[in-house]
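Report on one structure; see the data block that follows.
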Amino acid sequence: MKIVESLAKGEGAASFHQGLAAQIGALHEEIRVEPELAPLGRIAVALYDPRTDLLKTFIHSSDGESPLDHATAPLSGLPSLVELARVHGTRTLNDLSEVARSGHEYAARLVSFGYYSSHTVPICGREGLRGFLFLNGIVPGFFTQRVLRRLKPYGDLIAQMVLRELDALHSMQSTVKVLLQISAVRDGETGGHLARMARYSRAIGLRLAAPLGFSDEFVEYLFQFAPVHDVGKISVPDHILLKPGPLTPDEFKVMQGHVERGVEIVDLAVGDFGFISTAHLRMLRQIVACHHEKLDGSGYPQGLKGADVPLEARIVAVADVFDALTSRRPYKAAWSNADAMDALRHDVAENRLDGACVEALAECMSEIVDIQVLFGETVVG
Ligand SMILES: [Fe+2]
Ligand SMILES: [Fe+2]
């Protein structure tokens, strides 16, 4: 229990700014020490999810607000970026005001934030396109051949850092998936469940990002870590995990133990995933440790109440319950989305689930349906 108790109060989502974002921020400061490179006002990274064709804002380092936060767009709708990725080329626009005048909305937005030039580089790994690096200058004409030559090693370094982080996250998820698939968990909860609930978590996180001050990095890690929530189920014996009828109180106790086993597995594995920063590890542990806590204190294992239930765990709980209700399981048929939403709202009324998370989910129902179509039960996500 000690491990789980230590998690009850994290520093919260607003302080989620370590790891990759901090490294890129530090590098940005370093670059700007050079007078010639000082006009580099913004470095931003967007990630590409090839399974959904979505380009997602991820990390930025800039003087003030980012001109583009909490955004996703299908890459296929951005032909100039598709072309850059295809030819592995870069794009330099040294007069964004001019581009803005010709009707480009995003260029106009950059100009309104004080950025007058841009340089875009696709980030490609072994498996193809993984994202884009966007550099912006606070003066027009900043990206001369000489400046580009000097910035190239930094750009390459950032691309390597992003690729390394994505590879590490991918290997963590693959490990969890293998662990779950070699255990009986696979019979009840397929890879499709993990792929869907991770994307529902992300959709909820994005909706709440502006009002609650989540960074895009926070939302991305929520998506990456959500599939780990039930890793502790590998410790639950098959006869309990697969029991078609209701569990006896003793069996239920064993089942509940999956939460603390999960935290232990995360702690054991974390040495192998040394990339995880303190803030990221806190999020991962909170998701695993608190995804069965309820706001009224009736959850387990700690019976946390209200504000003590971490936000990331509340989001994952809503995503998890919604997918469990709308999926077919050996002991029940799949509920309709409307019936599942009614059940979630009932839990909100009873002060078990977080109302903001449930309403955020309700607001993105068309996205939810897309996810259900893309990641149906036959998909191993
Ligand atoms: Fe669970
Ligand atoms: Fe689950």
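Starting from 1 in every chain, residues are counted up; chains themselves are A, B, ... following the order of the structure tokens, and ligands are numbered from 1 as listed.
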
| said: Would you pick out the contacts of region 369-374 of chain A at 9 Å or less, using only C-alpha atoms, so that residues sharing its chain but fewer than 5 positions from it are not included, and give the list as a list of chain:residue names? | reply: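 The residues satisfying every condition are A:Arg51, A:Thr52, A:Ala195, A:Arg196, A:Arg199, A:Tyr200, A:Asn337, A:Cys364, A:Val379.
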
Keeping N, CA and C atoms for every residue in the selection just given, could you write it to a file as a CSV table (one decimal), in the first residue's frame?
```
chain,number,residue,atom,x,y,z
A,51,ARG,N,-1.7,5.9,-38.0
A,51,ARG,CA,-2.9,5.0,-38.0
A,51,ARG,C,-4.2,5.8,-38.1
A,52,THR,N,-4.1,7.1,-37.7
A,52,THR,CA,-5.3,8.0,-37.9
A,52,THR,C,-5.1,9.1,-38.8
A,195,ALA,N,-6.2,0.4,-27.6
A,195,ALA,CA,-6.1,1.4,-28.7
A,195,ALA,C,-7.2,2.4,-28.6
A,196,ARG,N,-8.4,1.9,-28.3
A,196,ARG,CA,-9.6,2.9,-28.2
A,196,ARG,C,-9.5,3.7,-27.0
A,199,ARG,N,-7.1,6.5,-27.1
A,199,ARG,CA,-7.6,7.7,-27.9
A,199,ARG,C,-8.7,8.4,-27.3
A,200,TYR,N,-9.6,7.7,-26.5
A,200,TYR,CA,-10.7,8.4,-25.8
A,200,TYR,C,-10.0,9.3,-24.7
A,337,ASN,N,-23.6,3.8,-27.6
A,337,ASN,CA,-22.9,4.9,-27.0
A,337,ASN,C,-23.9,5.7,-26.2
A,364,CYS,N,-17.1,15.1,-27.9
A,364,CYS,CA,-16.4,14.6,-29.1
A,364,CYS,C,-16.9,13.3,-29.6
A,379,VAL,N,-9.2,-5.4,-34.4
A,379,VAL,CA,-7.8,-4.8,-34.5
A,379,VAL,C,-7.1,-5.1,-33.2
```

Interface rows for chain A against ligand 1: nearest pair, Å to one decimal, 8 Å, only C-alpha atoms and all ligand atoms, as a tab-separated table:
```
residue	atom	partner	partner_atom_place_in_ligand_line	distance
A:His229	CA	ligand 1	1 (Fe)	6.2
A:Asp230	CA	ligand 1	1 (Fe)	4.6
A:Gly232	CA	ligand 1	1 (Fe)	7.9
A:Lys233	CA	ligand 1	1 (Fe)	7.4
A:Gln256	CA	ligand 1	1 (Fe)	7.7
A:His258	CA	ligand 1	1 (Fe)	6.8
A:Val259	CA	ligand 1	1 (Fe)	6.4
A:Val288	CA	ligand 1	1 (Fe)	7.7
A:His291	CA	ligand 1	1 (Fe)	6.4
A:His292	CA	ligand 1	1 (Fe)	6.3
```

Please produce an output containing C-alpha atoms for each residue in the selection, written as a compact mmCIF listing (two decimals), in the first residue's frame.
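To be explicit, this is the file written out as part11.txt:
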```txt
# COMPACT_ATOMS: atom_id res chain seq x y z
CA HIS A 229 -3.50 1.10 -16.73
CA ASP A 230 -4.28 -2.61 -16.26
CA GLY A 232 -1.21 -5.52 -13.05
CA LYS A 233 -3.94 -7.85 -14.34
CA GLN A 256 -8.51 -5.44 -6.96
CA HIS A 258 -4.16 -5.70 -9.94
CA VAL A 259 -3.77 -2.00 -9.14
CA VAL A 288 -1.98 2.79 -12.90
CA HIS A 291 -7.80 4.38 -12.27
CA HIS A 292 -10.32 2.63 -9.98
```

| Env. residues ligand 2 / 10 Å / only C-alpha atoms and all ligand atoms / as a ChimeraX atom specification | /A:185,188-190,193-194,196-198,226-231,233,291,316-317,319-324

Next, write the just-selected residues to a file, as a PDB file, in the first residue's frame, keeping N, CA and C atoms as the atom set.
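Resulting contents of again29.pdb:
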```
ATOM      1  N   VAL A 185      -5.619 -12.043 -19.784  1.00  0.00           N
ATOM      2  CA  VAL A 185      -6.280 -10.750 -19.954  1.00  0.00           C
ATOM      3  C   VAL A 185      -6.770 -10.597 -21.393  1.00  0.00           C
ATOM      4  N   GLY A 188     -10.469 -11.125 -22.257  1.00  0.00           N
ATOM      5  CA  GLY A 188     -11.485 -10.150 -21.868  1.00  0.00           C
ATOM      6  C   GLY A 188     -11.242  -8.801 -22.499  1.00  0.00           C
ATOM      7  N   GLU A 189      -9.993  -8.408 -22.562  1.00  0.00           N
ATOM      8  CA  GLU A 189      -9.684  -7.065 -23.038  1.00  0.00           C
ATOM      9  C   GLU A 189      -8.671  -7.158 -24.169  1.00  0.00           C
ATOM     10  N   THR A 190      -9.103  -6.904 -25.337  1.00  0.00           N
ATOM     11  CA  THR A 190      -8.230  -7.041 -26.503  1.00  0.00           C
ATOM     12  C   THR A 190      -7.372  -5.800 -26.681  1.00  0.00           C
ATOM     13  N   HIS A 193      -9.246  -2.675 -27.222  1.00  0.00           N
ATOM     14  CA  HIS A 193      -9.651  -1.903 -26.037  1.00  0.00           C
ATOM     15  C   HIS A 193      -8.588  -0.860 -25.698  1.00  0.00           C
ATOM     16  N   LEU A 194      -7.319  -1.302 -25.699  1.00  0.00           N
ATOM     17  CA  LEU A 194      -6.241  -0.380 -25.325  1.00  0.00           C
ATOM     18  C   LEU A 194      -6.105   0.755 -26.345  1.00  0.00           C
ATOM     19  N   ARG A 196      -8.423   1.944 -28.290  1.00  0.00           N
ATOM     20  CA  ARG A 196      -9.572   2.856 -28.206  1.00  0.00           C
ATOM     21  C   ARG A 196      -9.514   3.716 -26.953  1.00  0.00           C
ATOM     22  N   MET A 197      -9.297   3.076 -25.792  1.00  0.00           N
ATOM     23  CA  MET A 197      -9.374   3.864 -24.557  1.00  0.00           C
ATOM     24  C   MET A 197      -8.238   4.897 -24.480  1.00  0.00           C
ATOM     25  N   ALA A 198      -7.088   4.567 -25.112  1.00  0.00           N
ATOM     26  CA  ALA A 198      -5.994   5.553 -25.135  1.00  0.00           C
ATOM     27  C   ALA A 198      -6.433   6.775 -25.938  1.00  0.00           C
ATOM     28  N   ALA A 226      -1.974   5.673 -21.078  1.00  0.00           N
ATOM     29  CA  ALA A 226      -3.279   5.087 -20.730  1.00  0.00           C
ATOM     30  C   ALA A 226      -3.320   3.560 -20.928  1.00  0.00           C
ATOM     31  N   PRO A 227      -2.712   3.019 -22.015  1.00  0.00           N
ATOM     32  CA  PRO A 227      -2.819   1.563 -22.216  1.00  0.00           C
ATOM     33  C   PRO A 227      -2.110   0.733 -21.141  1.00  0.00           C
ATOM     34  N   VAL A 228      -1.346   1.381 -20.287  1.00  0.00           N
ATOM     35  CA  VAL A 228      -0.634   0.637 -19.238  1.00  0.00           C
ATOM     36  C   VAL A 228      -1.539   0.405 -18.018  1.00  0.00           C
ATOM     37  N   HIS A 229      -2.724   1.047 -17.972  1.00  0.00           N
ATOM     38  CA  HIS A 229      -3.504   1.096 -16.726  1.00  0.00           C
ATOM     39  C   HIS A 229      -3.696  -0.261 -16.057  1.00  0.00           C
ATOM     40  N   ASP A 230      -3.936  -1.313 -16.853  1.00  0.00           N
ATOM     41  CA  ASP A 230      -4.276  -2.608 -16.259  1.00  0.00           C
ATOM     42  C   ASP A 230      -3.145  -3.622 -16.331  1.00  0.00           C
ATOM     43  N   VAL A 231      -1.904  -3.140 -16.432  1.00  0.00           N
ATOM     44  CA  VAL A 231      -0.797  -4.091 -16.583  1.00  0.00           C
ATOM     45  C   VAL A 231      -0.750  -5.077 -15.404  1.00  0.00           C
ATOM     46  N   LYS A 233      -3.012  -6.712 -14.181  1.00  0.00           N
ATOM     47  CA  LYS A 233      -3.935  -7.852 -14.343  1.00  0.00           C
ATOM     48  C   LYS A 233      -3.213  -9.148 -14.688  1.00  0.00           C
ATOM     49  N   HIS A 291      -6.734   4.425 -11.256  1.00  0.00           N
ATOM     50  CA  HIS A 291      -7.797   4.379 -12.267  1.00  0.00           C
ATOM     51  C   HIS A 291      -9.081   3.732 -11.767  1.00  0.00           C
ATOM     52  N   VAL A 316      -8.621   8.781 -17.507  1.00  0.00           N
ATOM     53  CA  VAL A 316      -8.454   7.399 -17.954  1.00  0.00           C
ATOM     54  C   VAL A 316      -9.619   6.535 -17.452  1.00  0.00           C
ATOM     55  N   ALA A 317     -10.105   6.809 -16.245  1.00  0.00           N
ATOM     56  CA  ALA A 317     -11.222   6.029 -15.705  1.00  0.00           C
ATOM     57  C   ALA A 317     -12.457   6.177 -16.593  1.00  0.00           C
ATOM     58  N   ALA A 319     -12.560   7.059 -19.780  1.00  0.00           N
ATOM     59  CA  ALA A 319     -12.279   6.416 -21.073  1.00  0.00           C
ATOM     60  C   ALA A 319     -12.393   4.892 -20.948  1.00  0.00           C
ATOM     61  N   ASP A 320     -11.882   4.361 -19.868  1.00  0.00           N
ATOM     62  CA  ASP A 320     -11.858   2.915 -19.638  1.00  0.00           C
ATOM     63  C   ASP A 320     -13.279   2.372 -19.441  1.00  0.00           C
ATOM     64  N   VAL A 321     -14.049   3.039 -18.601  1.00  0.00           N
ATOM     65  CA  VAL A 321     -15.413   2.572 -18.326  1.00  0.00           C
ATOM     66  C   VAL A 321     -16.260   2.682 -19.596  1.00  0.00           C
ATOM     67  N   PHE A 322     -16.100   3.795 -20.314  1.00  0.00           N
ATOM     68  CA  PHE A 322     -16.891   3.971 -21.537  1.00  0.00           C
ATOM     69  C   PHE A 322     -16.596   2.848 -22.525  1.00  0.00           C
ATOM     70  N   ASP A 323     -15.320   2.517 -22.688  1.00  0.00           N
ATOM     71  CA  ASP A 323     -15.002   1.454 -23.658  1.00  0.00           C
ATOM     72  C   ASP A 323     -15.459   0.083 -23.158  1.00  0.00           C
ATOM     73  N   ALA A 324     -15.359  -0.130 -21.850  1.00  0.00           N
ATOM     74  CA  ALA A 324     -15.826  -1.419 -21.313  1.00  0.00           C
ATOM     75  C   ALA A 324     -17.326  -1.574 -21.576  1.00  0.00           C
TER      76      ALA A 324
END
```

| message | So, with only C-alpha atoms as the atoms that count, which of A:Val121, A:Val266, A:Leu353, A:Ile158 lies closest to Gln173 (chain A)? | response |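 Distance minimum relative to Gln173 (chain A) lands on A:Val266.
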
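Nearest-residue note for Gln224 (chain A): choosing from A:Met255, A:Leu268, A:Leu241, A:Ala168, the minimum distance belongs to A:Ala168, counting only C-alpha atoms.
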
Check which residues of region 109-223 of chain A sit at most 12 Å from region 63-67 of chain A using only C-alpha atoms, and return one row each with the closest pair of atoms and their distance in Å to one decimal, ordered by chain and rising number, as JSON lines.
```
{"residue": "A:Arg109", "atom": "CA", "partner": "A:Pro67", "partner_atom": "CA", "distance": 6.4}
{"residue": "A:Leu110", "atom": "CA", "partner": "A:Pro67", "partner_atom": "CA", "distance": 6.0}
{"residue": "A:Val111", "atom": "CA", "partner": "A:Pro67", "partner_atom": "CA", "distance": 9.2}
{"residue": "A:Ser112", "atom": "CA", "partner": "A:Pro67", "partner_atom": "CA", "distance": 8.4}
{"residue": "A:Phe113", "atom": "CA", "partner": "A:Pro67", "partner_atom": "CA", "distance": 6.3}
{"residue": "A:Gly114", "atom": "CA", "partner": "A:Pro67", "partner_atom": "CA", "distance": 9.5}
{"residue": "A:Tyr115", "atom": "CA", "partner": "A:Pro67", "partner_atom": "CA", "distance": 9.3}
{"residue": "A:Phe134", "atom": "CA", "partner": "A:Pro67", "partner_atom": "CA", "distance": 11.8}
{"residue": "A:Asn136", "atom": "CA", "partner": "A:Pro67", "partner_atom": "CA", "distance": 10.9}
{"residue": "A:Gly137", "atom": "CA", "partner": "A:Asp63", "partner_atom": "CA", "distance": 11.3}
{"residue": "A:Ile138", "atom": "CA", "partner": "A:Asp63", "partner_atom": "CA", "distance": 10.1}
{"residue": "A:Ser215", "atom": "CA", "partner": "A:Ser66", "partner_atom": "CA", "distance": 10.6}
{"residue": "A:Asp216", "atom": "CA", "partner": "A:Ser66", "partner_atom": "CA", "distance": 10.8}
```

For the contact check between region 128-207 of chain A and region 35-48 of chain A, emit one row per residue of region 128-207 of chain A within 9 Å, containing the shortest atom pair and the distance in Å rounded to one decimal, counting only C-alpha atoms, chain then rising number order, as a tab-separated table.
```
residue	atom	partner	partner_atom	distance
A:Leu129	CA	A:Tyr48	CA	7.0
A:Arg130	CA	A:Tyr48	CA	5.0
A:Gly131	CA	A:Leu47	CA	4.1
A:Phe132	CA	A:Ala46	CA	5.3
A:Leu133	CA	A:Val45	CA	4.7
A:Phe134	CA	A:Ala44	CA	5.1
A:Leu135	CA	A:Ile43	CA	4.8
A:Asn136	CA	A:Arg42	CA	5.0
A:Gly137	CA	A:Leu40	CA	4.6
A:Ile138	CA	A:Pro39	CA	5.4
A:Val139	CA	A:Pro39	CA	6.6
A:Phe142	CA	A:Pro39	CA	7.2
A:Val147	CA	A:Leu37	CA	7.0
A:Arg150	CA	A:Leu37	CA	8.4
A:Leu151	CA	A:Leu37	CA	8.0
A:Ile158	CA	A:Val45	CA	9.0
A:Ala159	CA	A:Val45	CA	8.9
A:Val162	CA	A:Val45	CA	8.5
```

| query | Which residue, A:Gly245, A:Gly19, A:Gly103, A:Pro122, has the smallest gap to Val82 (chain A) when you use only C-alpha atoms? | reply |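 Ranked by minimum distance to Val82 (chain A), first place goes to A:Pro122.
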
| query | CA of Gln23 (chain A) and CA of Met161 (chain A), how far apart in Å? | reply |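 Taking CA of Met161 (chain A) as the start and CA of Gln23 (chain A) as the end point, the length is 8.9 Å.
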
| message | When DSSP is applied to the backbone of this structure, which of region 90-308 of chain A are assigned strand (DSSP E)? Write them out as a ChimeraX atom specification. | response | /A:91-93,117-125,128-137
